[in-house]
>>> print(open('model_31.csv').read())   # CSV, C-alpha atoms and all ligand atoms
chain,number,residue,atom,x,y,z
K,14,MET,CA,0.0,0.0,0.0
K,15,GLN,CA,1.3,3.5,-0.9
K,16,PRO,CA,1.5,6.3,1.6
K,17,LYS,CA,-1.0,9.0,1.1
K,18,ALA,CA,0.0,12.2,-0.7
K,19,ALA,CA,1.2,14.9,1.5
K,20,GLU,CA,-1.3,17.4,-0.1
K,21,PRO,CA,-5.0,17.2,0.8
K,22,SER,CA,-7.0,15.0,-1.6
K,23,PRO,CA,-8.0,17.1,-4.6
K,24,ARG,CA,-11.6,17.9,-5.5
K,25,PRO,CA,-12.9,16.0,-8.5
K,26,SER,CA,-12.3,18.5,-11.1
K,27,ARG,CA,-9.7,19.3,-13.8
K,28,ASP,CA,-8.5,22.3,-11.8
K,29,ALA,CA,-7.6,20.0,-8.9
K,30,ALA,CA,-5.8,17.7,-11.2
K,31,ALA,CA,-3.9,20.6,-12.6
K,32,ARG,CA,-2.6,21.6,-9.2
K,33,LEU,CA,-0.9,18.3,-8.8
K,34,SER,CA,0.6,18.1,-12.2
K,35,PRO,CA,-0.1,20.2,-15.2
K,36,VAL,CA,-3.0,18.6,-17.0
K,37,PRO,CA,-4.1,20.2,-20.2
K,38,GLU,CA,-7.7,21.1,-20.9
K,39,THR,CA,-7.7,19.1,-24.0
K,40,MET,CA,-5.9,15.9,-25.2
K,41,LYS,CA,-5.5,13.7,-28.2
K,42,ALA,CA,-7.7,10.6,-28.1
K,43,ILE,CA,-9.0,8.0,-30.5
K,44,VAL,CA,-12.7,8.6,-31.2
K,45,GLN,CA,-15.3,6.2,-32.5
K,46,THR,CA,-18.5,8.0,-33.7
K,47,ARG,CA,-20.0,5.1,-35.7
K,48,TYR,CA,-19.7,1.4,-36.4
K,49,GLY,CA,-17.9,-0.1,-39.4
K,50,SER,CA,-14.4,-1.0,-40.2
K,51,PRO,CA,-11.2,0.0,-38.2
K,52,GLU,CA,-10.8,3.0,-40.6
K,53,ILE,CA,-13.6,4.8,-38.8
K,54,LEU,CA,-11.3,5.4,-35.8
K,55,GLU,CA,-10.0,9.0,-35.7
K,56,LEU,CA,-7.4,10.8,-33.7
K,57,ARG,CA,-9.0,14.0,-32.4
K,58,GLU,CA,-8.5,16.7,-29.9
K,59,VAL,CA,-11.1,16.2,-27.1
K,60,ASP,CA,-11.6,17.5,-23.6
K,61,THR,CA,-9.4,15.8,-20.9
K,62,PRO,CA,-11.8,13.8,-18.7
K,63,LEU,CA,-12.9,15.1,-15.3
K,64,LEU,CA,-12.3,13.1,-12.3
K,65,GLU,CA,-14.9,11.6,-10.0
K,66,ASP,CA,-14.2,10.9,-6.3
K,67,HIS,CA,-13.4,7.2,-6.7
K,68,GLN,CA,-11.2,7.7,-9.8
K,69,VAL,CA,-7.6,8.4,-10.7
K,70,LEU,CA,-6.5,10.3,-13.8
K,71,VAL,CA,-3.7,8.5,-15.6
K,72,ARG,CA,-1.3,9.9,-18.2
K,73,VAL,CA,-1.4,6.9,-20.5
K,74,HIS,CA,2.0,5.7,-21.9
K,75,ALA,CA,0.8,2.5,-23.4
K,76,SER,CA,-2.4,0.5,-24.1
K,77,SER,CA,-3.0,-2.7,-26.0
K,78,VAL,CA,-5.4,-4.0,-28.6
K,79,ASN,CA,-7.9,-6.6,-27.6
K,80,PRO,CA,-10.7,-8.4,-29.4
K,81,ALA,CA,-13.1,-6.3,-27.3
K,82,GLU,CA,-12.2,-3.2,-29.4
K,83,TRP,CA,-12.7,-5.2,-32.6
K,84,TYR,CA,-16.2,-6.2,-31.5
K,85,ARG,CA,-17.0,-2.6,-30.5
K,86,VAL,CA,-16.0,-1.2,-33.9
K,87,VAL,CA,-16.8,-4.0,-36.3
K,88,GLY,CA,-19.4,-6.1,-34.6
K,89,PRO,CA,-21.2,-8.5,-34.8
K,90,PRO,CA,-24.2,-6.2,-34.3
K,91,PHE,CA,-25.4,-7.9,-31.1
K,92,ALA,CA,-22.2,-6.7,-29.5
K,93,ARG,CA,-23.7,-3.2,-29.8
K,94,VAL,CA,-26.6,-3.7,-27.3
K,95,ALA,CA,-24.6,-2.2,-24.5
K,96,ASP,CA,-22.7,0.4,-26.5
K,97,GLY,CA,-25.6,1.9,-28.5
K,98,LEU,CA,-27.6,0.3,-31.3
K,99,ARG,CA,-27.2,2.9,-34.0
K,100,ARG,CA,-24.0,4.6,-32.9
K,101,PRO,CA,-21.7,4.4,-29.9
K,102,LYS,CA,-23.1,6.2,-26.9
K,103,ARG,CA,-19.6,7.1,-25.8
K,104,PRO,CA,-16.9,8.0,-28.4
K,105,GLY,CA,-13.9,6.8,-26.3
K,106,ILE,CA,-12.4,3.4,-27.0
K,107,GLY,CA,-9.8,1.2,-25.4
K,108,GLY,CA,-9.5,-0.8,-22.2
K,109,ASP,CA,-5.9,-1.7,-21.1
K,110,LEU,CA,-3.6,1.0,-19.9
K,111,ALA,CA,-0.2,1.6,-18.3
K,112,GLY,CA,0.9,5.1,-17.2
K,113,THR,CA,1.5,7.6,-14.5
K,114,VAL,CA,-1.2,8.8,-12.1
K,115,VAL,CA,-1.5,12.6,-12.3
K,116,ALA,CA,-4.5,13.1,-10.0
K,117,VAL,CA,-6.7,11.2,-7.6
K,118,GLY,CA,-10.3,11.7,-6.5
K,119,LYS,CA,-11.0,12.5,-2.9
K,120,ASP,CA,-12.1,9.0,-2.0
K,121,VAL,CA,-8.9,7.4,-3.3
K,122,ASP,CA,-6.4,6.5,-0.6
K,123,ASP,CA,-4.2,3.8,-2.0
K,124,VAL,CA,-2.9,5.4,-5.1
K,125,VAL,CA,-1.1,8.8,-5.2
K,126,PRO,CA,0.0,11.1,-8.0
K,127,GLY,CA,3.3,10.0,-9.4
K,128,ASP,CA,2.5,6.2,-9.1
K,129,GLU,CA,3.2,4.2,-12.2
K,130,VAL,CA,0.2,1.9,-12.6
K,131,PHE,CA,-1.4,-0.5,-15.0
K,132,GLY,CA,-4.9,-1.7,-15.2
K,133,ILE,CA,-8.2,-1.1,-17.0
K,134,ALA,CA,-10.1,2.0,-17.9
K,135,ALA,CA,-12.7,2.9,-20.5
K,136,ALA,CA,-11.4,5.1,-23.3
K,137,SER,CA,-7.8,4.4,-22.6
K,138,TRP,CA,-6.7,5.0,-26.2
K,139,ALA,CA,-5.9,8.6,-25.3
K,140,GLU,CA,-3.3,10.7,-23.7
K,141,TYR,CA,-5.2,10.7,-20.4
K,142,ALA,CA,-7.8,8.2,-19.0
K,143,ARG,CA,-9.7,8.1,-15.8
K,144,ALA,CA,-9.8,4.8,-14.1
K,145,ARG,CA,-11.6,3.5,-11.1
K,146,ALA,CA,-9.0,3.3,-8.3
K,147,ASP,CA,-9.9,-0.4,-7.8
K,148,ARG,CA,-9.0,-1.2,-11.4
K,149,VAL,CA,-5.3,-0.1,-11.3
K,150,VAL,CA,-2.3,-1.4,-9.4
K,151,ARG,CA,1.4,-0.5,-9.2
K,152,LYS,CA,3.3,-1.3,-12.4
K,153,PRO,CA,5.9,-4.0,-11.8
K,154,ALA,CA,9.3,-2.4,-11.7
K,155,ASN,CA,10.7,-5.0,-14.1
K,156,ALA,CA,8.1,-4.3,-16.8
K,157,SER,CA,8.2,-1.4,-19.2
K,158,PHE,CA,5.0,0.7,-19.8
K,159,GLU,CA,4.5,-1.1,-23.1
K,160,GLU,CA,4.8,-4.6,-21.4
K,161,ALA,CA,2.6,-3.6,-18.5
K,162,GLY,CA,0.0,-2.1,-20.9
K,163,ALA,CA,-0.2,-5.4,-22.7
K,164,VAL,CA,-1.1,-7.4,-19.6
K,165,PRO,CA,-4.5,-6.4,-18.1
K,166,ILE,CA,-7.4,-7.8,-20.2
K,167,ALA,CA,-5.5,-10.8,-21.7
K,168,GLY,CA,-3.7,-11.6,-18.4
K,169,LEU,CA,-6.9,-11.4,-16.3
K,170,THR,CA,-8.7,-13.6,-18.8
K,171,ALA,CA,-6.0,-16.3,-18.8
K,172,LEU,CA,-5.7,-16.1,-15.0
K,173,GLN,CA,-9.4,-16.5,-14.3
K,174,ALA,CA,-9.8,-19.1,-17.0
K,175,LEU,CA,-7.2,-21.4,-15.4
K,176,ARG,CA,-7.5,-20.7,-11.7
K,177,ASP,CA,-11.2,-19.9,-11.2
K,178,HIS,CA,-13.0,-21.7,-14.0
K,179,GLY,CA,-10.6,-24.5,-14.9
K,180,ARG,CA,-9.5,-25.0,-11.2
K,181,VAL,CA,-6.2,-26.2,-12.4
K,182,GLN,CA,-4.2,-28.2,-9.9
K,183,PRO,CA,-0.5,-29.0,-9.9
K,184,GLY,CA,0.3,-31.9,-12.1
K,185,GLN,CA,-2.9,-31.7,-14.1
K,186,LYS,CA,-2.6,-32.0,-17.9
K,187,VAL,CA,-3.8,-28.7,-19.5
K,188,LEU,CA,-4.4,-28.2,-23.2
K,189,ILE,CA,-4.4,-24.6,-24.5
K,190,ASN,CA,-6.0,-24.3,-27.9
K,191,GLY,CA,-5.0,-21.0,-29.3
K,192,ALA,CA,-1.8,-20.5,-27.3
K,193,SER,CA,0.0,-17.9,-29.4
K,194,GLY,CA,-2.2,-14.8,-29.1
K,195,GLY,CA,-2.8,-12.4,-26.3
K,196,VAL,CA,-4.7,-14.7,-23.9
K,197,GLY,CA,-2.9,-17.8,-25.0
K,198,THR,CA,0.6,-16.6,-24.3
K,199,PHE,CA,-0.4,-15.6,-20.8
K,200,ALA,CA,-2.4,-18.9,-20.3
K,201,VAL,CA,0.7,-21.0,-21.1
K,202,GLN,CA,2.8,-19.2,-18.6
K,203,ILE,CA,0.1,-19.0,-15.8
K,204,ALA,CA,-0.7,-22.7,-16.3
K,205,LYS,CA,3.0,-23.5,-15.7
K,206,ALA,CA,3.1,-21.2,-12.7
K,207,LEU,CA,0.1,-23.2,-11.3
K,208,GLY,CA,2.2,-26.4,-11.7
K,209,ALA,CA,0.4,-27.9,-14.7
K,210,ASP,CA,1.7,-30.0,-17.5
K,211,VAL,CA,1.0,-27.8,-20.5
K,212,THR,CA,0.3,-28.8,-24.1
K,213,ALA,CA,-0.1,-25.8,-26.4
K,214,VAL,CA,-1.7,-25.6,-29.8
K,215,CYS,CA,-0.6,-22.9,-32.3
K,216,SER,CA,0.5,-22.4,-35.9
K,217,THR,CA,3.9,-23.1,-37.3
K,218,SER,CA,5.6,-19.7,-37.1
K,219,LYS,CA,4.7,-19.4,-33.3
K,220,VAL,CA,5.9,-22.8,-32.1
K,221,GLU,CA,9.2,-21.6,-30.9
K,222,LEU,CA,7.7,-18.6,-29.1
K,223,VAL,CA,5.2,-20.7,-27.3
K,224,ARG,CA,7.9,-23.3,-26.4
K,225,SER,CA,10.0,-20.4,-25.0
K,226,LEU,CA,7.1,-19.4,-22.7
K,227,GLY,CA,7.4,-22.8,-21.0
K,228,ALA,CA,4.9,-25.1,-22.7
K,229,ASP,CA,5.9,-28.8,-22.1
K,230,ARG,CA,4.9,-29.6,-25.7
K,231,VAL,CA,3.6,-27.6,-28.6
K,232,ILE,CA,1.4,-28.9,-31.3
K,233,ASP,CA,1.5,-27.1,-34.7
K,234,TYR,CA,-2.2,-27.3,-35.8
K,235,THR,CA,-1.2,-27.0,-39.4
K,236,GLN,CA,0.8,-30.2,-39.2
K,237,GLU,CA,-1.0,-32.3,-36.6
K,238,ASP,CA,-4.6,-32.8,-35.4
K,239,PHE,CA,-4.4,-32.6,-31.6
K,240,THR,CA,-7.7,-34.3,-31.3
K,241,ARG,CA,-6.2,-37.5,-32.8
K,242,ARG,CA,-3.4,-37.9,-30.2
K,243,GLY,CA,-3.6,-40.6,-27.6
K,244,GLU,CA,-3.1,-38.2,-24.7
K,245,ARG,CA,-6.0,-37.1,-22.4
K,246,TYR,CA,-6.3,-33.7,-20.7
K,247,ASP,CA,-7.9,-32.7,-17.4
K,248,VAL,CA,-8.5,-29.1,-18.5
K,249,LEU,CA,-9.0,-27.6,-21.9
K,250,ILE,CA,-8.7,-23.8,-22.3
K,251,ASP,CA,-10.3,-23.1,-25.6
K,252,VAL,CA,-9.2,-19.7,-26.8
K,253,ALA,CA,-9.4,-20.3,-30.5
K,254,GLY,CA,-12.8,-22.0,-30.7
K,255,SER,CA,-11.6,-23.9,-33.7
K,256,ARG,CA,-13.1,-27.3,-33.1
K,257,PRO,CA,-16.5,-28.7,-32.1
K,258,PHE,CA,-17.0,-30.5,-28.8
K,259,ARG,CA,-17.2,-34.0,-30.3
K,260,GLN,CA,-13.6,-33.6,-31.5
K,261,PHE,CA,-12.4,-32.1,-28.2
K,262,ALA,CA,-14.1,-35.0,-26.4
K,263,ARG,CA,-11.6,-37.5,-27.9
K,264,VAL,CA,-8.8,-36.1,-25.8
K,265,LEU,CA,-10.6,-35.3,-22.6
K,266,THR,CA,-10.7,-37.2,-19.3
K,267,ARG,CA,-14.1,-38.2,-18.1
K,268,GLU,CA,-14.2,-35.4,-15.5
K,269,ALA,CA,-12.4,-32.8,-17.6
K,270,MET,CA,-13.2,-29.1,-17.4
K,271,ILE,CA,-13.6,-27.2,-20.6
K,272,VAL,CA,-13.2,-23.5,-20.3
K,273,LEU,CA,-14.5,-21.5,-23.3
K,274,VAL,CA,-12.7,-18.2,-23.7
K,275,GLY,CA,-13.4,-17.1,-27.3
K,276,GLY,CA,-13.3,-18.0,-30.9
K,277,ALA,CA,-13.1,-16.6,-34.4
K,278,MET,CA,-13.8,-12.9,-34.3
K,279,ASN,CA,-14.2,-12.0,-37.9
K,280,ARG,CA,-17.0,-14.2,-39.2
K,281,GLY,CA,-20.8,-13.9,-39.0
K,282,LEU,CA,-21.9,-13.9,-35.4
K,283,GLY,CA,-18.3,-14.0,-34.1
K,284,PRO,CA,-17.6,-16.7,-31.5
K,285,LEU,CA,-21.2,-17.0,-30.5
K,286,PRO,CA,-22.2,-20.1,-32.5
K,287,HIS,CA,-19.2,-22.1,-31.3
K,288,LEU,CA,-19.8,-21.1,-27.7
K,289,GLY,CA,-23.5,-22.0,-27.9
K,290,ALA,CA,-22.9,-25.3,-29.6
K,291,THR,CA,-20.1,-26.3,-27.2
K,292,ILE,CA,-22.2,-25.4,-24.1
K,293,ALA,CA,-25.2,-27.3,-25.4
K,294,SER,CA,-23.1,-30.4,-26.2
K,295,GLY,CA,-21.5,-30.3,-22.8
K,296,LEU,CA,-25.0,-30.7,-21.2
K,297,LEU,CA,-25.1,-34.3,-22.4
K,298,ARG,CA,-21.5,-35.2,-21.3
K,299,SER,CA,-19.7,-36.1,-18.2
K,300,GLN,CA,-17.2,-33.2,-18.7
K,301,THR,CA,-18.0,-29.7,-17.5
K,302,VAL,CA,-18.2,-26.8,-19.9
K,303,ARG,CA,-17.9,-23.3,-18.7
K,304,PHE,CA,-17.9,-19.9,-20.4
K,305,PHE,CA,-17.1,-16.7,-18.5
K,306,VAL,CA,-16.4,-13.1,-19.1
K,307,ALA,CA,-13.3,-11.9,-17.3
K,308,LYS,CA,-13.7,-9.4,-14.5
K,309,ALA,CA,-11.3,-6.6,-13.7
K,310,THR,CA,-10.4,-6.7,-10.0
K,311,LYS,CA,-7.6,-5.1,-8.0
K,312,GLU,CA,-6.8,-8.5,-6.4
K,313,ASP,CA,-6.3,-10.2,-9.8
K,314,LEU,CA,-4.4,-7.2,-11.3
K,315,GLY,CA,-2.2,-7.5,-8.2
K,316,ALA,CA,-1.8,-11.2,-8.7
K,317,LEU,CA,-0.6,-10.6,-12.3
K,318,ALA,CA,1.8,-7.9,-11.1
K,319,GLY,CA,3.2,-10.4,-8.6
K,320,LEU,CA,3.7,-13.0,-11.3
K,321,VAL,CA,5.5,-10.5,-13.5
K,322,GLU,CA,7.7,-9.4,-10.6
K,323,ALA,CA,8.5,-13.0,-9.8
K,324,GLY,CA,9.5,-13.5,-13.4
K,325,GLU,CA,6.8,-16.2,-13.9
K,326,ILE,CA,5.0,-14.4,-16.7
K,327,ARG,CA,6.0,-11.7,-19.2
K,328,ALA,CA,4.2,-9.9,-21.9
K,329,VAL,CA,5.4,-10.6,-25.4
K,330,VAL,CA,4.9,-7.5,-27.5
K,331,GLU,CA,4.9,-8.3,-31.2
K,332,ARG,CA,4.1,-4.9,-32.7
K,333,ARG,CA,3.9,-1.3,-31.5
K,334,TYR,CA,1.8,1.3,-33.1
K,335,GLU,CA,1.6,5.0,-32.2
K,336,LEU,CA,-1.8,6.1,-30.9
K,337,GLY,CA,-2.7,7.8,-34.2
K,338,ARG,CA,-2.3,4.4,-36.0
K,339,ALA,CA,-4.9,2.7,-33.8
K,340,ALA,CA,-6.9,1.7,-36.9
K,341,ASP,CA,-3.9,-0.1,-38.4
K,342,ALA,CA,-3.4,-1.9,-35.1
K,343,LEU,CA,-7.0,-3.0,-34.9
K,344,ARG,CA,-7.0,-4.1,-38.5
K,345,TYR,CA,-4.0,-6.3,-37.8
K,346,LEU,CA,-5.6,-7.9,-34.7
K,347,GLY,CA,-8.7,-8.6,-36.8
K,348,GLU,CA,-6.7,-10.7,-39.2
K,349,GLY,CA,-6.8,-13.2,-36.3
K,350,HIS,CA,-3.2,-14.3,-36.2
K,351,CYS,CA,-1.4,-11.9,-33.7
K,352,ARG,CA,1.8,-13.1,-32.2
K,353,ALA,CA,1.1,-12.4,-28.5
K,354,LYS,CA,0.3,-8.7,-28.0
K,355,VAL,CA,-0.1,-5.6,-30.1
K,356,VAL,CA,0.6,-2.4,-28.2
K,357,LEU,CA,-0.4,1.3,-28.7
K,358,THR,CA,2.2,3.8,-27.5
K,359,VAL,CA,1.0,7.2,-26.4
K,401,LIG,N1,-14.2,-14.6,-22.2
K,401,LIG,C1,-13.5,-13.4,-22.0
K,401,LIG,O1,-13.7,-12.7,-21.0
K,401,LIG,C2,-12.5,-13.0,-23.0
K,401,LIG,C3,-11.6,-12.0,-22.7
K,401,LIG,C4,-10.6,-11.7,-23.7
K,401,LIG,C5,-10.6,-12.3,-24.9
K,401,LIG,N2,-11.6,-13.3,-25.2
K,401,LIG,C6,-11.7,-13.9,-26.5
K,401,LIG,O2,-10.6,-14.8,-26.6
K,401,LIG,C7,-10.2,-14.9,-28.0
K,401,LIG,C8,-8.7,-14.7,-28.1
K,401,LIG,O3,-8.4,-13.4,-27.6
K,401,LIG,P1,-6.9,-12.9,-27.8
K,401,LIG,O4,-6.8,-11.6,-27.1
K,401,LIG,O5,-6.0,-14.0,-27.4
K,401,LIG,O6,-6.8,-12.8,-29.4
K,401,LIG,P2,-5.5,-12.7,-30.3
K,401,LIG,O7,-4.4,-12.1,-29.6
K,401,LIG,O8,-6.0,-12.1,-31.6
K,401,LIG,O9,-5.1,-14.3,-30.6
K,401,LIG,C9,-5.9,-15.1,-31.3
K,401,LIG,C10,-5.1,-16.3,-31.6
K,401,LIG,O10,-5.9,-17.4,-32.1
K,401,LIG,C11,-5.0,-18.2,-32.8
K,401,LIG,N3,-5.7,-19.1,-33.7
K,401,LIG,C12,-6.4,-18.7,-34.8
K,401,LIG,N4,-6.9,-19.8,-35.4
K,401,LIG,C13,-6.5,-20.9,-34.7
K,401,LIG,C14,-6.7,-22.3,-34.8
K,401,LIG,N5,-7.4,-22.8,-35.8
K,401,LIG,N6,-6.2,-23.1,-33.8
K,401,LIG,C15,-5.4,-22.6,-32.8
K,401,LIG,N7,-5.2,-21.3,-32.7
K,401,LIG,C16,-5.7,-20.4,-33.6
K,401,LIG,C17,-4.0,-17.3,-33.5
K,401,LIG,O11,-2.8,-17.9,-33.5
K,401,LIG,P3,-2.1,-18.6,-34.8
K,401,LIG,O12,-1.7,-17.5,-35.7
K,401,LIG,O13,-1.0,-19.4,-34.2
K,401,LIG,O14,-3.2,-19.4,-35.4
K,401,LIG,C18,-4.0,-16.1,-32.7
K,401,LIG,O15,-2.8,-15.8,-32.1
K,401,LIG,C19,-11.1,-13.9,-28.7
K,401,LIG,O16,-12.2,-14.6,-29.3
K,401,LIG,C20,-11.6,-13.0,-27.7
K,401,LIG,O17,-12.8,-12.4,-27.9
K,401,LIG,C21,-12.5,-13.6,-24.3
>>> encode(input="model_31.csv", output="structure tokens")
Amino acid sequence: MQPKAAEPSPRPSRDAAARLSPVPETMKAIVQTRYGSPEILELREVDTPLLEDHQVLVRVHASSVNPAEWYRVVGPPFARVADGLRRPKRPGIGGDLAGTVVAVGKDVDDVVPGDEVFGIAAASWAEYARARADRVVRKPANASFEEAGAVPIAGLTALQALRDHGRVQPGQKVLINGASGGVGTFAVQIAKALGADVTAVCSTSKVELVRSLGADRVIDYTQEDFTRRGERYDVLIDVAGSRPFRQFARVLTREAMIVLVGGAMNRGLGPLPHLGATIASGLLRSQTVRFFVAKATKEDLGALAGLVEAGEIRAVVERRYELGRAADALRYLGEGHCRAKVVLTV
């Protein structure tokens, strides 16, 4: 826990923030005013957000690109229910962030201006973002802003998939289908940290990367069908959503846990048909199928920070794009074959 700031807590306004550190009235941010393709994203000058009592204002140094932003911009249309059916209700976009706190609301007592943090905030593809204080933690000293900004959403998803939903125990055999993207690269490392025996599935050009992250064996899905191997797994983390349940079932133990994380983003209804079909198939089987949506909690962000500090996990950053090239970054993610993480630098 950080000591409190020597100054009295600021009032939740831009003026108060400016007293602690000069915060400009306006900032550059990526703005989404409609739905469509990544090209609709624009870099604009907008008002710097005002703080509320439970929030911190962060000068963002890095963010990363996640499928959540793809769904928000491109669809499928059902993903717009929460964001606005005809056009986005809020123009800001982005979730992950790493940066320096420049102001805190009056109810915040465990983060102070000057802290280097990482975590989750809406509209983080911007020079400044306001985050709930319980959604940021201290950045590990051994991670750069770019590395830390790549961790939150993908890392939380991998952690919760393995620990909470897969209930992975030391010595269990874990299969990770889709091991080379954002979630998958963290899942391989966290599964090893939990003491599992890890088999990872990815494409040819990423085999060495995934092996270097600690996987006990790596299956190149372009060369070998993992559902035709003799081995059986206690836990399947399905990030890629590339195979139907009846094929998975061939390599699962009777009591296996199947954790559905996602699936193909860029076709029809996105991963929804695969998720629905797998959950329905699971109802008739001895194995347990679970789908979940990752939650941002301070405890789990802290757990990820601890794993980074201990050298048990690291973010692999494949590409860096400046903020103004967010559309290019999102387009690349949408191709569906990222190598670990794509980062935006601010
Ligand atoms: N449930 C949640 O709360 C939650 C949270 C975050 C993300 N997600 C979902 O999880 C999925 C992955 O997210 P991400 O951030 O990891 O995306 P990502 O970084 O774009 O990674 C996707 C990976 O899928 C792999 N892949 C594609 N086809 C494959 C196949 N046939 N077999 C095995 N791997 C394949 C690709 O690797 P190769 O190039 O090696 O094929 C790529 O690296 C998305 O559907 C996303 O929506 C869910």
>>> residues_near_ligand(input="model_31.csv", ligand="ligand LIG 401 (chain K)", cutoff="8 Å", atoms="only C-alpha atoms and all ligand atoms", output="number ranges by chain")
K: 78-81, 84, 166-167, 169-170, 190-198, 214-220, 234, 252-256, 273-278, 283-284, 304-308, 346-355
>>> write_last_selection(input="model_31.csv", atoms="C-alpha atoms", output="tab-separated table (two decimals), keeping the file's coordinate frame")
chain	number	residue	atom	x	y	z
K	78	VAL	CA	-5.40	-4.00	-28.60
K	79	ASN	CA	-7.90	-6.60	-27.60
K	80	PRO	CA	-10.70	-8.40	-29.40
K	81	ALA	CA	-13.10	-6.30	-27.30
K	84	TYR	CA	-16.20	-6.20	-31.50
K	166	ILE	CA	-7.40	-7.80	-20.20
K	167	ALA	CA	-5.50	-10.80	-21.70
K	169	LEU	CA	-6.90	-11.40	-16.30
K	170	THR	CA	-8.70	-13.60	-18.80
K	190	ASN	CA	-6.00	-24.30	-27.90
K	191	GLY	CA	-5.00	-21.00	-29.30
K	192	ALA	CA	-1.80	-20.50	-27.30
K	193	SER	CA	0.00	-17.90	-29.40
K	194	GLY	CA	-2.20	-14.80	-29.10
K	195	GLY	CA	-2.80	-12.40	-26.30
K	196	VAL	CA	-4.70	-14.70	-23.90
K	197	GLY	CA	-2.90	-17.80	-25.00
K	198	THR	CA	0.60	-16.60	-24.30
K	214	VAL	CA	-1.70	-25.60	-29.80
K	215	CYS	CA	-0.60	-22.90	-32.30
K	216	SER	CA	0.50	-22.40	-35.90
K	217	THR	CA	3.90	-23.10	-37.30
K	218	SER	CA	5.60	-19.70	-37.10
K	219	LYS	CA	4.70	-19.40	-33.30
K	220	VAL	CA	5.90	-22.80	-32.10
K	234	TYR	CA	-2.20	-27.30	-35.80
K	252	VAL	CA	-9.20	-19.70	-26.80
K	253	ALA	CA	-9.40	-20.30	-30.50
K	254	GLY	CA	-12.80	-22.00	-30.70
K	255	SER	CA	-11.60	-23.90	-33.70
K	256	ARG	CA	-13.10	-27.30	-33.10
K	273	LEU	CA	-14.50	-21.50	-23.30
K	274	VAL	CA	-12.70	-18.20	-23.70
K	275	GLY	CA	-13.40	-17.10	-27.30
K	276	GLY	CA	-13.30	-18.00	-30.90
K	277	ALA	CA	-13.10	-16.60	-34.40
K	278	MET	CA	-13.80	-12.90	-34.30
K	283	GLY	CA	-18.30	-14.00	-34.10
K	284	PRO	CA	-17.60	-16.70	-31.50
K	304	PHE	CA	-17.90	-19.90	-20.40
K	305	PHE	CA	-17.10	-16.70	-18.50
K	306	VAL	CA	-16.40	-13.10	-19.10
K	307	ALA	CA	-13.30	-11.90	-17.30
K	308	LYS	CA	-13.70	-9.40	-14.50
K	346	LEU	CA	-5.60	-7.90	-34.70
K	347	GLY	CA	-8.70	-8.60	-36.80
K	348	GLU	CA	-6.70	-10.70	-39.20
K	349	GLY	CA	-6.80	-13.20	-36.30
K	350	HIS	CA	-3.20	-14.30	-36.20
K	351	CYS	CA	-1.40	-11.90	-33.70
K	352	ARG	CA	1.80	-13.10	-32.20
K	353	ALA	CA	1.10	-12.40	-28.50
K	354	LYS	CA	0.30	-8.70	-28.00
K	355	VAL	CA	-0.10	-5.60	-30.10
>>> residues_around(input="model_31.csv", residues="K:Glu322", least_positions_apart="3", cutoff="7 Å", atoms="all atoms listed in the file", output="ChimeraX atom specification")
/K:153,155,318-319
>>> closest_residue(input="model_31.csv", among="K:Ala309, K:Ile232, K:Ile292, K:Ala134", to="K:Val73", atoms="all atoms listed in the file")
K:Ala134
>>> closest_residue(input="model_31.csv", among="K:Val94, K:Ala146, K:Ala340, K:Leu222", to="K:Gly107", atoms="all atoms listed in the file")
K:Ala340
>>> closest_residue(input="model_31.csv", among="K:Pro62, K:Gly324, K:Gly168, K:Gly243", to="K:Tyr141", atoms="all atoms listed in the file")
K:Pro62
>>> atom_distance(input="model_31.csv", atom1="atom CA of K:Phe258", atom2="atom CA of K:Ala290")
7.9 Å
>>> closest_residue(input="model_31.csv", among="K:Met270, K:Val329, K:Leu336, K:Leu70", to="K:Val223", atoms="all atoms listed in the file")
K:Val329
>>> atom_distance(input="model_31.csv", atom1="atom CA of K:Glu38", atom2="atom CA of K:Asp60")
6.0 Å
>>> build_atoms(input="model_31.csv", residues="stretch 110-117 of chain K", atoms="N, CA and C atoms", output="mmCIF file, in the coordinates of the input")
data_model
loop_
_atom_site.group_PDB
_atom_site.id
_atom_site.type_symbol
_atom_site.label_atom_id
_atom_site.label_comp_id
_atom_site.auth_asym_id
_atom_site.auth_seq_id
_atom_site.Cartn_x
_atom_site.Cartn_y
_atom_site.Cartn_z
ATOM 1 N N LEU K 110 -4.461 -0.148 -19.931
ATOM 2 C CA LEU K 110 -3.600 1.000 -19.900
ATOM 3 C C LEU K 110 -2.405 0.766 -18.930
ATOM 4 N N ALA K 111 -1.324 1.496 -19.215
ATOM 5 C CA ALA K 111 -0.200 1.600 -18.300
ATOM 6 C C ALA K 111 0.255 3.061 -18.364
ATOM 7 N N GLY K 112 0.495 3.671 -17.218
ATOM 8 C CA GLY K 112 0.900 5.100 -17.200
ATOM 9 C C GLY K 112 1.157 5.598 -15.848
ATOM 10 N N THR K 113 1.168 6.915 -15.746
ATOM 11 C CA THR K 113 1.500 7.600 -14.500
ATOM 12 C C THR K 113 0.285 8.323 -13.973
ATOM 13 N N VAL K 114 -0.027 8.120 -12.702
ATOM 14 C CA VAL K 114 -1.200 8.800 -12.100
ATOM 15 C C VAL K 114 -0.824 10.290 -11.948
ATOM 16 N N VAL K 115 -1.732 11.158 -12.422
ATOM 17 C CA VAL K 115 -1.500 12.600 -12.300
ATOM 18 C C VAL K 115 -2.452 13.252 -11.312
ATOM 19 N N ALA K 116 -3.537 12.584 -10.967
ATOM 20 C CA ALA K 116 -4.500 13.100 -10.000
ATOM 21 C C ALA K 116 -5.328 12.022 -9.442
ATOM 22 N N VAL K 117 -5.813 12.186 -8.203
ATOM 23 C CA VAL K 117 -6.700 11.200 -7.600
ATOM 24 C C VAL K 117 -7.939 11.862 -7.062
#
